[in-house]
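Student: File query_27.txt follows (compact mmCIF, C-alpha atoms):
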# COMPACT_ATOMS: atom_id res chain seq x y z
CA MET U 154 118.77 79.26 74.08
CA ARG U 155 122.25 80.41 73.20
CA GLN U 156 121.17 81.00 69.64
CA ARG U 157 118.24 83.11 70.75
CA GLN U 158 120.53 85.20 72.94
CA ALA U 159 122.88 85.74 70.03
CA LEU U 160 119.96 86.77 67.84
CA GLN U 161 118.77 89.20 70.47
CA GLY U 162 122.25 90.61 70.84
CA ALA U 163 122.49 91.17 67.09
CA ARG U 164 119.11 92.87 67.06
CA ARG U 165 120.14 95.16 69.90
CA ALA U 166 123.38 96.01 68.14
CA ARG U 167 121.43 96.92 65.01
CA GLU U 168 119.04 99.05 67.04
CA PHE U 169 121.90 100.82 68.74
CA GLU U 170 123.62 101.46 65.43
CA ALA U 171 120.42 102.94 64.03
CA PHE U 172 120.06 105.08 67.14
CA VAL U 173 123.62 106.38 66.83
CA ALA U 174 123.16 107.10 63.14
CA GLY U 175 120.00 109.03 63.86
CA ALA U 176 120.97 110.91 67.00
CA ALA U 177 124.68 111.57 66.56
CA GLY U 178 124.28 114.64 64.36
CA ARG U 179 122.03 116.50 66.73
CA LEU U 180 123.91 115.42 69.84
CA LEU U 181 127.24 116.36 68.30
CA HIS U 182 125.87 119.78 67.46
CA ALA U 183 124.71 120.18 71.05
CA ALA U 184 128.09 119.01 72.36
CA THR U 185 129.92 121.43 70.08
CA LEU U 186 127.75 124.25 71.37
CA LEU U 187 128.53 123.18 74.93
CA THR U 188 132.27 123.08 74.48
CA ALA U 189 132.13 126.26 72.35
CA GLU U 190 134.41 124.92 69.65
CA ALA U 191 134.40 125.62 65.96
CA PRO U 192 132.01 123.31 64.07
CA ASP U 193 134.75 121.75 61.95
CA ASP U 194 137.35 121.37 64.71
CA ASN U 195 135.74 119.91 67.79
CA PRO U 196 137.85 117.21 69.45
CA ARG U 197 136.48 117.90 72.92
CA ALA U 198 132.88 117.75 71.76
CA ARG U 199 133.58 114.47 69.97
CA ARG U 200 135.13 113.01 73.07
CA LEU U 201 132.19 114.17 75.18
CA LEU U 202 129.72 112.65 72.73
CA THR U 203 131.66 109.39 72.46
CA LEU U 204 131.69 108.93 76.23
CA ALA U 205 128.01 109.82 76.58
CA LEU U 206 127.06 107.39 73.82
CA ALA U 207 129.25 104.69 75.36
CA ARG U 208 127.32 105.09 78.62
CA THR U 209 124.12 104.76 76.63
CA TYR U 210 125.52 101.62 75.03
CA ILE U 211 126.10 100.10 78.46
CA SER U 212 122.56 100.76 79.61
CA TRP U 213 121.04 99.89 76.25
CA ASN U 214 119.74 96.50 77.41
CA ARG U 215 118.27 97.97 80.55
CA LEU U 216 116.24 100.70 78.86
CA ARG U 217 112.71 99.66 79.64
CA GLY U 218 110.72 101.74 77.22
CA GLU U 219 112.70 104.86 78.11
CA ASP U 220 113.76 107.24 75.39
CA PRO U 221 117.43 106.49 74.63
CA TYR U 222 117.91 109.98 73.21
CA ASP U 223 116.81 111.41 76.53
CA ARG U 224 119.29 109.19 78.32
CA ALA U 225 122.16 110.11 76.03
CA ARG U 226 121.40 113.80 76.42
CA GLN U 227 121.28 113.38 80.17
CA TYR U 228 124.67 111.68 80.22
CA LEU U 229 126.06 114.38 77.96
CA ALA U 230 124.78 117.18 80.17
CA THR U 231 125.89 115.67 83.47
CA ARG U 232 129.31 114.78 82.13
CA PHE U 233 129.76 118.29 80.82
CA ALA U 234 128.54 119.80 84.08
CA ARG U 235 131.00 117.70 86.08
CA ALA U 236 133.96 118.46 83.87
CA ALA U 237 133.06 122.05 83.01
CA TRP U 238 135.08 123.67 85.77
CA HIS U 239 138.41 122.23 84.82
CA GLN U 240 138.06 121.40 81.16
CA TYR U 241 135.78 123.67 79.30
CA GLY U 242 136.86 127.13 80.32
CA GLY U 243 135.51 127.80 83.76
CA LEU U 244 137.16 130.04 86.33
CA GLY U 245 138.45 132.62 83.92
CA ARG U 246 140.29 130.13 81.74
CA ALA U 247 138.55 130.87 78.50
CA ARG U 248 139.08 127.93 76.18
CA THR U 249 136.41 128.87 73.75
CA HIS U 250 136.81 129.27 70.05
CA PRO U 251 135.68 132.61 68.55
CA GLY U 252 134.02 130.69 65.72
CA SER U 253 131.46 129.24 68.09
CA ALA U 254 128.05 130.82 68.50
CA LEU U 255 128.19 130.66 72.30
CA ALA U 256 131.82 131.69 72.78
CA THR U 257 130.94 134.67 74.96
CA LEU U 258 129.09 132.64 77.58
CA ALA U 259 130.22 130.78 80.69
CA PRO U 260 129.99 126.96 80.71
CA GLN U 261 126.92 126.87 82.93
CA GLU U 262 125.14 129.45 80.79
CA ARG U 263 125.96 127.43 77.69
CA LEU U 264 124.69 124.26 79.29
CA ILE U 265 121.39 125.76 80.35
CA LEU U 266 120.91 127.58 77.07
CA VAL U 267 121.55 124.43 75.05
CA LEU U 268 119.28 122.30 77.21
CA ARG U 269 116.46 124.84 77.37
CA LEU U 270 116.45 126.35 73.89
CA TYR U 271 118.36 124.04 71.56
CA GLU U 272 117.06 120.78 72.98
CA GLY U 273 113.79 122.19 74.27
CA VAL U 274 113.95 120.53 77.68
CA ALA U 275 111.39 121.92 80.13
CA GLU U 276 112.57 124.28 82.85
CA GLU U 277 111.66 121.87 85.63
CA GLN U 278 113.51 118.99 84.02
CA THR U 279 116.59 121.11 83.43
CA ALA U 280 116.51 122.21 87.05
CA ALA U 281 116.14 118.64 88.28
CA LEU U 282 118.92 117.42 86.02
CA LEU U 283 121.38 120.06 87.19
CA GLY U 284 120.23 120.19 90.81
CA LEU U 285 119.32 123.87 90.67
CA PRO U 286 116.16 125.73 91.67
CA VAL U 287 113.80 126.46 88.79
CA GLU U 288 114.06 130.23 89.32
CA ARG U 289 117.81 130.04 89.02
CA VAL U 290 117.54 128.17 85.72
CA ARG U 291 115.15 130.82 84.41
CA THR U 292 117.43 133.64 85.54
CA ILE U 293 120.52 132.10 83.99
CA CYS U 294 118.66 131.41 80.76
CA ASP U 295 117.41 134.99 80.55
CA ARG U 296 120.82 136.39 81.34
CA ALA U 297 122.52 134.18 78.77
CA THR U 298 119.97 135.16 76.13
CA THR U 299 120.57 138.82 76.81
CA THR U 300 124.34 138.41 76.73
CA LEU U 301 124.16 136.53 73.47
CA LEU U 302 121.94 139.07 71.76
CA GLN U 303 123.77 142.13 73.05
CA PRO U 304 127.43 141.18 73.39
CA PRO U 305 129.27 143.46 75.79
CA ARG U 306 131.15 146.27 74.10
CA SER U 307 134.17 146.02 76.36
CA PRO U 308 136.17 142.79 76.57
CA ALA U 309 136.31 143.04 80.36
CA PRO U 310 133.44 141.25 82.08
CA THR U 311 130.97 143.61 83.67
CA VAL U 312 130.85 143.44 87.43
CA VAL U 313 127.36 143.23 88.78
CA GLY U 314 126.73 146.15 91.10
CA ALA U 315 124.55 144.18 93.44
CA LYS U 316 127.53 142.10 94.49
CA VAL U 317 129.23 145.09 96.11
CA ALA U 318 128.42 145.13 99.81
CA PRO U 319 126.67 148.32 100.87
CA SER U 320 128.84 150.22 103.28
CA MET K 63 111.94 142.29 71.71
CA ASN K 64 109.88 140.13 73.97
CA ARG K 65 110.91 136.86 75.47
CA THR K 66 109.60 134.56 72.74
CA GLU K 67 111.30 136.52 69.97
CA ARG K 68 114.57 136.59 71.86
CA GLU K 69 114.44 132.85 72.41
CA ALA K 70 113.64 132.27 68.76
CA THR K 71 116.61 134.41 67.74
CA VAL K 72 118.92 132.52 70.07
CA ARG K 73 117.60 129.23 68.69
CA ARG K 74 118.37 130.43 65.19
CA ILE K 75 121.88 131.48 66.19
CA MET K 76 122.51 128.09 67.76
CA GLU K 77 121.17 126.09 64.86
CA GLN K 78 123.48 127.43 62.18
CA THR K 79 126.44 125.38 60.85
CA PRO K 80 125.94 121.87 62.24
CA PRO K 81 129.28 120.07 62.66
CA PRO K 82 129.99 117.05 60.45
CA VAL K 83 129.67 113.70 62.21
CA PRO K 84 132.93 111.70 62.13
CA PRO K 85 132.45 108.44 60.22
CA ASP K 86 134.18 106.26 62.83
CA LEU K 87 131.99 107.46 65.68
CA TYR K 88 129.93 104.27 65.96
CA ALA K 89 132.98 102.00 66.03
CA GLU K 90 134.64 104.16 68.66
CA VAL K 91 131.48 104.24 70.80
CA VAL K 92 131.11 100.47 70.64
CA ARG K 93 134.79 99.95 71.43
CA ARG K 94 134.63 102.17 74.48
CA GLY K 95 131.27 100.83 75.57
CA ALA K 96 132.41 97.23 75.31
CA ARG K 97 135.54 98.06 77.27
CA MET K 98 133.47 99.69 80.01
CA VAL K 99 131.13 96.67 80.13
CA ARG K 100 134.10 94.32 80.42
CA ARG K 101 135.67 96.39 83.15
CA ARG K 102 132.45 96.57 85.14
CA ARG K 103 131.97 92.84 84.85
CA MET K 104 135.52 92.28 86.10
CA VAL K 105 134.98 94.60 89.05
CA ARG K 106 131.70 92.94 89.92
CA ARG K 107 133.25 89.47 89.74
CA THR K 108 136.20 90.52 91.86
CA LEU K 109 133.95 92.00 94.51
CA TRP K 110 131.74 88.89 94.61
CA LEU K 111 134.81 86.73 94.91
CA LEU K 112 136.10 88.88 97.73
CA LEU K 113 132.76 88.66 99.50
CA CYS K 114 132.77 84.86 99.23
CA ALA K 115 136.34 84.67 100.50
CA VAL K 116 135.51 86.85 103.48
CA ALA K 117 132.44 84.75 104.28
CA VAL K 118 134.44 81.50 104.14
CA ALA K 119 137.20 82.97 106.27
CA PHE K 120 134.69 84.12 108.86
CA LEU K 121 133.05 80.71 108.96
CA VAL K 122 136.37 78.94 109.45
CA TRP K 123 137.40 81.35 112.16
CA ALA K 124 134.06 80.98 113.93
CA MET K 125 134.29 77.20 113.81
CA MET K 126 137.75 77.27 115.30
CA ALA K 127 137.35 80.00 117.90
CA ARG K 128 133.72 79.22 118.87
CA PRO K 129 133.03 82.66 120.29
CA TRP K 130 129.51 81.64 121.41
CA VAL K 131 130.81 79.09 123.92
CA GLU K 132 131.09 80.47 127.43
CA PRO K 133 134.79 80.58 128.31
CA PRO K 134 135.91 78.68 131.40
CA SER K 135 135.99 80.90 134.44
CA GLN K 136 139.38 82.34 135.23
CA THR K 137 138.68 83.94 138.62
CA THR K 138 136.75 81.43 140.71
CA PRO K 139 138.21 77.93 141.05
CA PRO K 140 135.70 75.16 140.61
CA TYR K 141 134.29 74.55 144.08
CA THR K 142 133.46 70.97 144.74
CA GLY K 143 133.07 68.74 147.76
CA TRP K 144 130.99 70.55 150.41
Spit out the file's structure as structure tokens when you get a sec.
Tutor:
Amino acid sequence: MRQRQALQGARRAREFEAFVAGAAGRLLHAATLLTAEAPDDNPRARRLLTLALARTYISWNRLRGEDPYDRARQYLATRFARAAWHQYGGLGRARTHPGSALATLAPQERLILVLRLYEGVAEEQTAALLGLPVERVRTICDRATTTLLQPPRSPAPTVVGAKVAPS
Amino acid sequence: MNRTEREATVRRIMEQTPPPVPPDLYAEVVRRGARMVRRRRMVRRTLWLLLCAVAVAFLVWAMMARPWVEPPSQTTPPYTGW
């Protein structure tokens, strides 16, 4: 009995190692896009990925036919969303690296863009994962796409006119 | 540019220069994961132990105080002999 458990444990460890070897590259790329760091200097993205993969490691034995990559991505996204406000340059504290592709975007825009376009998660799933309405996800995705393709000429952020109360 | 083209362009922008994966990632993940598992097991054990202790304490108190027994009346003296 004990021997069988040990065998099973070893098999699971091997499976997890294979999973990490296969998924780490893509997930690390996604994490680096999220934290908007340079590709060769990304301590925050590494930390984010390590914690997300550690969570996956914990629930590895309880994955009943679920896709572990999906789980890891979910942990990555939720952890980033929780920590985005105080760690990854929310609220005007830009902590982005100019070498990153998504440096001009806000954390939430980066998150939605990475989930929707880089990872190819469906709109409904993204909305459910982040607790947002589907329309809002679509709007943010469109806005982020536009911002990325036509970066604003002036460094100052443009104030949306609709926010001004009509007097 | 329509929507599909824009999304394709953004995808292309995002997919350039993948970062190199650190070689010690797996070891670090397993170290952290094992630590988290250990910590959770400790917390779970402590909470179970606490629950058992509370249950035993309640049983002992109930046996000693016997709150289900009707207390002797304090207001009316026992009236006998009429």
Student: Please measure the separation of CA of Thr79 in chain K and CA of Gln278 in chain U, giving the value in Å to one decimal.
Tutor: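 Taking CA of Thr79 in chain K and CA of Gln278 in chain U, their separation equals 27.3 Å.
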Student: Name the residues, using the chain letters and numbers of the file, that sit within 12 Å of (126.0, 124.3, 60.9) when counting all atoms listed in the file, and give them as a list in words.
Tutor: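 Every polymer residue passing the test: Gly178, Arg179, Leu181, His182, Ala183, Thr185, Leu186, Ala191, Pro192, Asp193, Gly252, Ser253 and Ala254 of chain U; Arg74, Ile75, Met76, Glu77, Gln78, Thr79, Pro80, Pro81, Pro82 and Val83 of chain K.
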Student: Dump as JSON lines the rows for residues of chain U within 9 Å of chain K: closest atom pair and distance in Å with one decimal, all atoms listed in the file counted, ordered by chain and rising residue number.
Tutor:
{"residue": "U:Glu170", "atom": "CA", "partner": "K:Tyr88", "partner_atom": "CA", "distance": 6.9}
{"residue": "U:Val173", "atom": "CA", "partner": "K:Tyr88", "partner_atom": "CA", "distance": 6.7}
{"residue": "U:Ala174", "atom": "CA", "partner": "K:Tyr88", "partner_atom": "CA", "distance": 7.9}
{"residue": "U:Ala177", "atom": "CA", "partner": "K:Val83", "partner_atom": "CA", "distance": 7.0}
{"residue": "U:Gly178", "atom": "CA", "partner": "K:Val83", "partner_atom": "CA", "distance": 5.9}
{"residue": "U:Arg179", "atom": "CA", "partner": "K:Pro80", "partner_atom": "CA", "distance": 8.0}
{"residue": "U:Leu181", "atom": "CA", "partner": "K:Pro81", "partner_atom": "CA", "distance": 7.1}
{"residue": "U:His182", "atom": "CA", "partner": "K:Pro80", "partner_atom": "CA", "distance": 5.6}
{"residue": "U:Ala183", "atom": "CA", "partner": "K:Met76", "partner_atom": "CA", "distance": 8.8}
{"residue": "U:Thr185", "atom": "CA", "partner": "K:Pro81", "partner_atom": "CA", "distance": 7.6}
{"residue": "U:Leu186", "atom": "CA", "partner": "K:Met76", "partner_atom": "CA", "distance": 7.4}
{"residue": "U:Ala191", "atom": "CA", "partner": "K:Pro81", "partner_atom": "CA", "distance": 8.2}
{"residue": "U:Pro192", "atom": "CA", "partner": "K:Pro81", "partner_atom": "CA", "distance": 4.5}
{"residue": "U:Asp193", "atom": "CA", "partner": "K:Pro81", "partner_atom": "CA", "distance": 5.8}
{"residue": "U:Asp194", "atom": "CA", "partner": "K:Pro81", "partner_atom": "CA", "distance": 8.4}
{"residue": "U:Asn195", "atom": "CA", "partner": "K:Pro81", "partner_atom": "CA", "distance": 8.3}
{"residue": "U:Arg199", "atom": "CA", "partner": "K:Pro84", "partner_atom": "CA", "distance": 8.3}
{"residue": "U:Leu202", "atom": "CA", "partner": "K:Val91", "partner_atom": "CA", "distance": 8.8}
{"residue": "U:Thr203", "atom": "CA", "partner": "K:Val91", "partner_atom": "CA", "distance": 5.4}
{"residue": "U:Leu204", "atom": "CA", "partner": "K:Val91", "partner_atom": "CA", "distance": 7.2}
{"residue": "U:Ala205", "atom": "CA", "partner": "K:Val91", "partner_atom": "CA", "distance": 8.8}
{"residue": "U:Leu206", "atom": "CA", "partner": "K:Val91", "partner_atom": "CA", "distance": 6.2}
{"residue": "U:Ala207", "atom": "CA", "partner": "K:Gly95", "partner_atom": "CA", "distance": 4.4}
{"residue": "U:Arg208", "atom": "CA", "partner": "K:Gly95", "partner_atom": "CA", "distance": 6.6}
{"residue": "U:Thr209", "atom": "CA", "partner": "K:Gly95", "partner_atom": "CA", "distance": 8.2}
{"residue": "U:Tyr210", "atom": "CA", "partner": "K:Gly95", "partner_atom": "CA", "distance": 5.8}
{"residue": "U:Ile211", "atom": "CA", "partner": "K:Gly95", "partner_atom": "CA", "distance": 6.0}
{"residue": "U:Ala254", "atom": "CA", "partner": "K:Met76", "partner_atom": "CA", "distance": 6.2}
{"residue": "U:Leu255", "atom": "CA", "partner": "K:Met76", "partner_atom": "CA", "distance": 7.7}
{"residue": "U:Leu266", "atom": "CA", "partner": "K:Val72", "partner_atom": "CA", "distance": 8.8}
{"residue": "U:Val267", "atom": "CA", "partner": "K:Met76", "partner_atom": "CA", "distance": 8.2}
{"residue": "U:Leu270", "atom": "CA", "partner": "K:Arg73", "partner_atom": "CA", "distance": 6.1}
{"residue": "U:Tyr271", "atom": "CA", "partner": "K:Arg73", "partner_atom": "CA", "distance": 6.0}
{"residue": "U:Asp295", "atom": "CA", "partner": "K:Arg65", "partner_atom": "CA", "distance": 8.5}
{"residue": "U:Thr298", "atom": "CA", "partner": "K:Val72", "partner_atom": "CA", "distance": 6.7}
{"residue": "U:Thr299", "atom": "CA", "partner": "K:Arg68", "partner_atom": "CA", "distance": 8.1}
{"residue": "U:Leu301", "atom": "CA", "partner": "K:Val72", "partner_atom": "CA", "distance": 7.4}
{"residue": "U:Leu302", "atom": "CA", "partner": "K:Val72", "partner_atom": "CA", "distance": 7.4}
Student: Expressed in Å to a single decimal, how great is the separation between CA of Arg226 in chain U and CA of Ala198 in chain U?
Tutor: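 Between CA of Arg226 in chain U and CA of Ala198 in chain U the gap is 13.0 Å.
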Student: What does the distance from CA of Arg291 in chain U to CA of Gly273 in chain U come to in Å, to one decimal?
Tutor: 13.4 Å
Student: U:Ile265, U:Ile293, U:Ala163, U:Glu272: which is nearest Thr231 in chain U, counting only C-alpha atoms?
Tutor: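 Among U:Ile265, U:Ile293, U:Ala163, U:Glu272, it is U:Ile265 that comes nearest to Thr231 in chain U.
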Student: Complete range 107-138 of chain K with N, CA and C atoms (output as a JSON list (two decimals), keeping the file's coordinate frame).
Tutor:
[["chain", "number", "residue", "atom", "x", "y", "z"],
["K", 107, "ARG", "N", 132.79, 90.83, 89.42],
["K", 107, "ARG", "CA", 133.25, 89.47, 89.74],
["K", 107, "ARG", "C", 134.24, 89.50, 90.88],
["K", 108, "THR", "N", 135.18, 90.44, 90.81],
["K", 108, "THR", "CA", 136.20, 90.52, 91.86],
["K", 108, "THR", "C", 135.55, 90.78, 93.21],
["K", 109, "LEU", "N", 134.58, 91.69, 93.23],
["K", 109, "LEU", "CA", 133.95, 92.00, 94.51],
["K", 109, "LEU", "C", 133.16, 90.81, 95.05],
["K", 110, "TRP", "N", 132.46, 90.09, 94.15],
["K", 110, "TRP", "CA", 131.74, 88.89, 94.61],
["K", 110, "TRP", "C", 132.71, 87.86, 95.18],
["K", 111, "LEU", "N", 133.82, 87.69, 94.46],
["K", 111, "LEU", "CA", 134.81, 86.73, 94.91],
["K", 111, "LEU", "C", 135.34, 87.11, 96.29],
["K", 112, "LEU", "N", 135.60, 88.39, 96.45],
["K", 112, "LEU", "CA", 136.10, 88.88, 97.73],
["K", 112, "LEU", "C", 135.08, 88.62, 98.83],
["K", 113, "LEU", "N", 133.82, 88.88, 98.52],
["K", 113, "LEU", "CA", 132.76, 88.66, 99.50],
["K", 113, "LEU", "C", 132.71, 87.20, 99.91],
["K", 114, "CYS", "N", 132.80, 86.30, 98.93],
["K", 114, "CYS", "CA", 132.77, 84.86, 99.23],
["K", 114, "CYS", "C", 133.96, 84.48, 100.10],
["K", 115, "ALA", "N", 135.14, 85.00, 99.74],
["K", 115, "ALA", "CA", 136.34, 84.67, 100.50],
["K", 115, "ALA", "C", 136.21, 85.13, 101.94],
["K", 116, "VAL", "N", 135.67, 86.33, 102.13],
["K", 116, "VAL", "CA", 135.51, 86.85, 103.48],
["K", 116, "VAL", "C", 134.52, 85.99, 104.26],
["K", 117, "ALA", "N", 133.44, 85.59, 103.60],
["K", 117, "ALA", "CA", 132.44, 84.75, 104.28],
["K", 117, "ALA", "C", 133.04, 83.42, 104.70],
["K", 118, "VAL", "N", 133.82, 82.80, 103.82],
["K", 118, "VAL", "CA", 134.44, 81.50, 104.14],
["K", 118, "VAL", "C", 135.43, 81.67, 105.28],
["K", 119, "ALA", "N", 136.21, 82.74, 105.22],
["K", 119, "ALA", "CA", 137.20, 82.97, 106.27],
["K", 119, "ALA", "C", 136.52, 83.17, 107.61],
["K", 120, "PHE", "N", 135.41, 83.90, 107.61],
["K", 120, "PHE", "CA", 134.69, 84.12, 108.86],
["K", 120, "PHE", "C", 134.15, 82.81, 109.40],
["K", 121, "LEU", "N", 133.60, 81.99, 108.52],
["K", 121, "LEU", "CA", 133.05, 80.71, 108.96],
["K", 121, "LEU", "C", 134.13, 79.84, 109.59],
["K", 122, "VAL", "N", 135.28, 79.77, 108.93],
["K", 122, "VAL", "CA", 136.37, 78.94, 109.45],
["K", 122, "VAL", "C", 136.84, 79.45, 110.80],
["K", 123, "TRP", "N", 136.96, 80.78, 110.87],
["K", 123, "TRP", "CA", 137.40, 81.35, 112.16],
["K", 123, "TRP", "C", 136.38, 81.05, 113.26],
["K", 124, "ALA", "N", 135.09, 81.20, 112.92],
["K", 124, "ALA", "CA", 134.06, 80.98, 113.93],
["K", 124, "ALA", "C", 134.06, 79.52, 114.38],
["K", 125, "MET", "N", 134.26, 78.61, 113.45],
["K", 125, "MET", "CA", 134.29, 77.20, 113.81],
["K", 125, "MET", "C", 135.46, 76.89, 114.73],
["K", 126, "MET", "N", 136.59, 77.56, 114.49],
["K", 126, "MET", "CA", 137.75, 77.27, 115.30],
["K", 126, "MET", "C", 137.72, 77.99, 116.64],
["K", 127, "ALA", "N", 137.28, 79.22, 116.66],
["K", 127, "ALA", "CA", 137.35, 80.00, 117.90],
["K", 127, "ALA", "C", 136.12, 79.78, 118.76],
["K", 128, "ARG", "N", 134.99, 79.43, 118.14],
["K", 128, "ARG", "CA", 133.72, 79.22, 118.87],
["K", 128, "ARG", "C", 133.43, 80.34, 119.86],
["K", 129, "PRO", "N", 133.22, 81.53, 119.37],
["K", 129, "PRO", "CA", 133.03, 82.66, 120.29],
["K", 129, "PRO", "C", 131.72, 82.59, 121.07],
["K", 130, "TRP", "N", 130.80, 81.71, 120.68],
["K", 130, "TRP", "CA", 129.51, 81.64, 121.41],
["K", 130, "TRP", "C", 129.58, 80.72, 122.62],
["K", 131, "VAL", "N", 130.67, 79.96, 122.75],
["K", 131, "VAL", "CA", 130.81, 79.09, 123.92],
["K", 131, "VAL", "C", 131.30, 79.91, 125.09],
["K", 132, "GLU", "N", 130.67, 79.71, 126.25],
["K", 132, "GLU", "CA", 131.09, 80.47, 127.43],
["K", 132, "GLU", "C", 132.49, 80.04, 127.82],
["K", 133, "PRO", "N", 133.42, 80.98, 127.97],
["K", 133, "PRO", "CA", 134.79, 80.58, 128.31],
["K", 133, "PRO", "C", 134.85, 80.07, 129.74],
["K", 134, "PRO", "N", 135.77, 79.17, 130.02],
["K", 134, "PRO", "CA", 135.91, 78.68, 131.40],
["K", 134, "PRO", "C", 136.31, 79.80, 132.34],
["K", 135, "SER", "N", 135.76, 79.79, 133.52],
["K", 135, "SER", "CA", 135.99, 80.90, 134.44],
["K", 135, "SER", "C", 137.46, 80.95, 134.84],
["K", 136, "GLN", "N", 137.98, 82.16, 134.89],
["K", 136, "GLN", "CA", 139.38, 82.34, 135.23],
["K", 136, "GLN", "C", 139.56, 82.75, 136.69],
["K", 137, "THR", "N", 138.51, 83.33, 137.30],
["K", 137, "THR", "CA", 138.68, 83.94, 138.62],
["K", 137, "THR", "C", 138.31, 82.98, 139.75],
["K", 138, "THR", "N", 137.19, 82.29, 139.63],
["K", 138, "THR", "CA", 136.75, 81.43, 140.71],
["K", 138, "THR", "C", 137.15, 79.99, 140.40]]
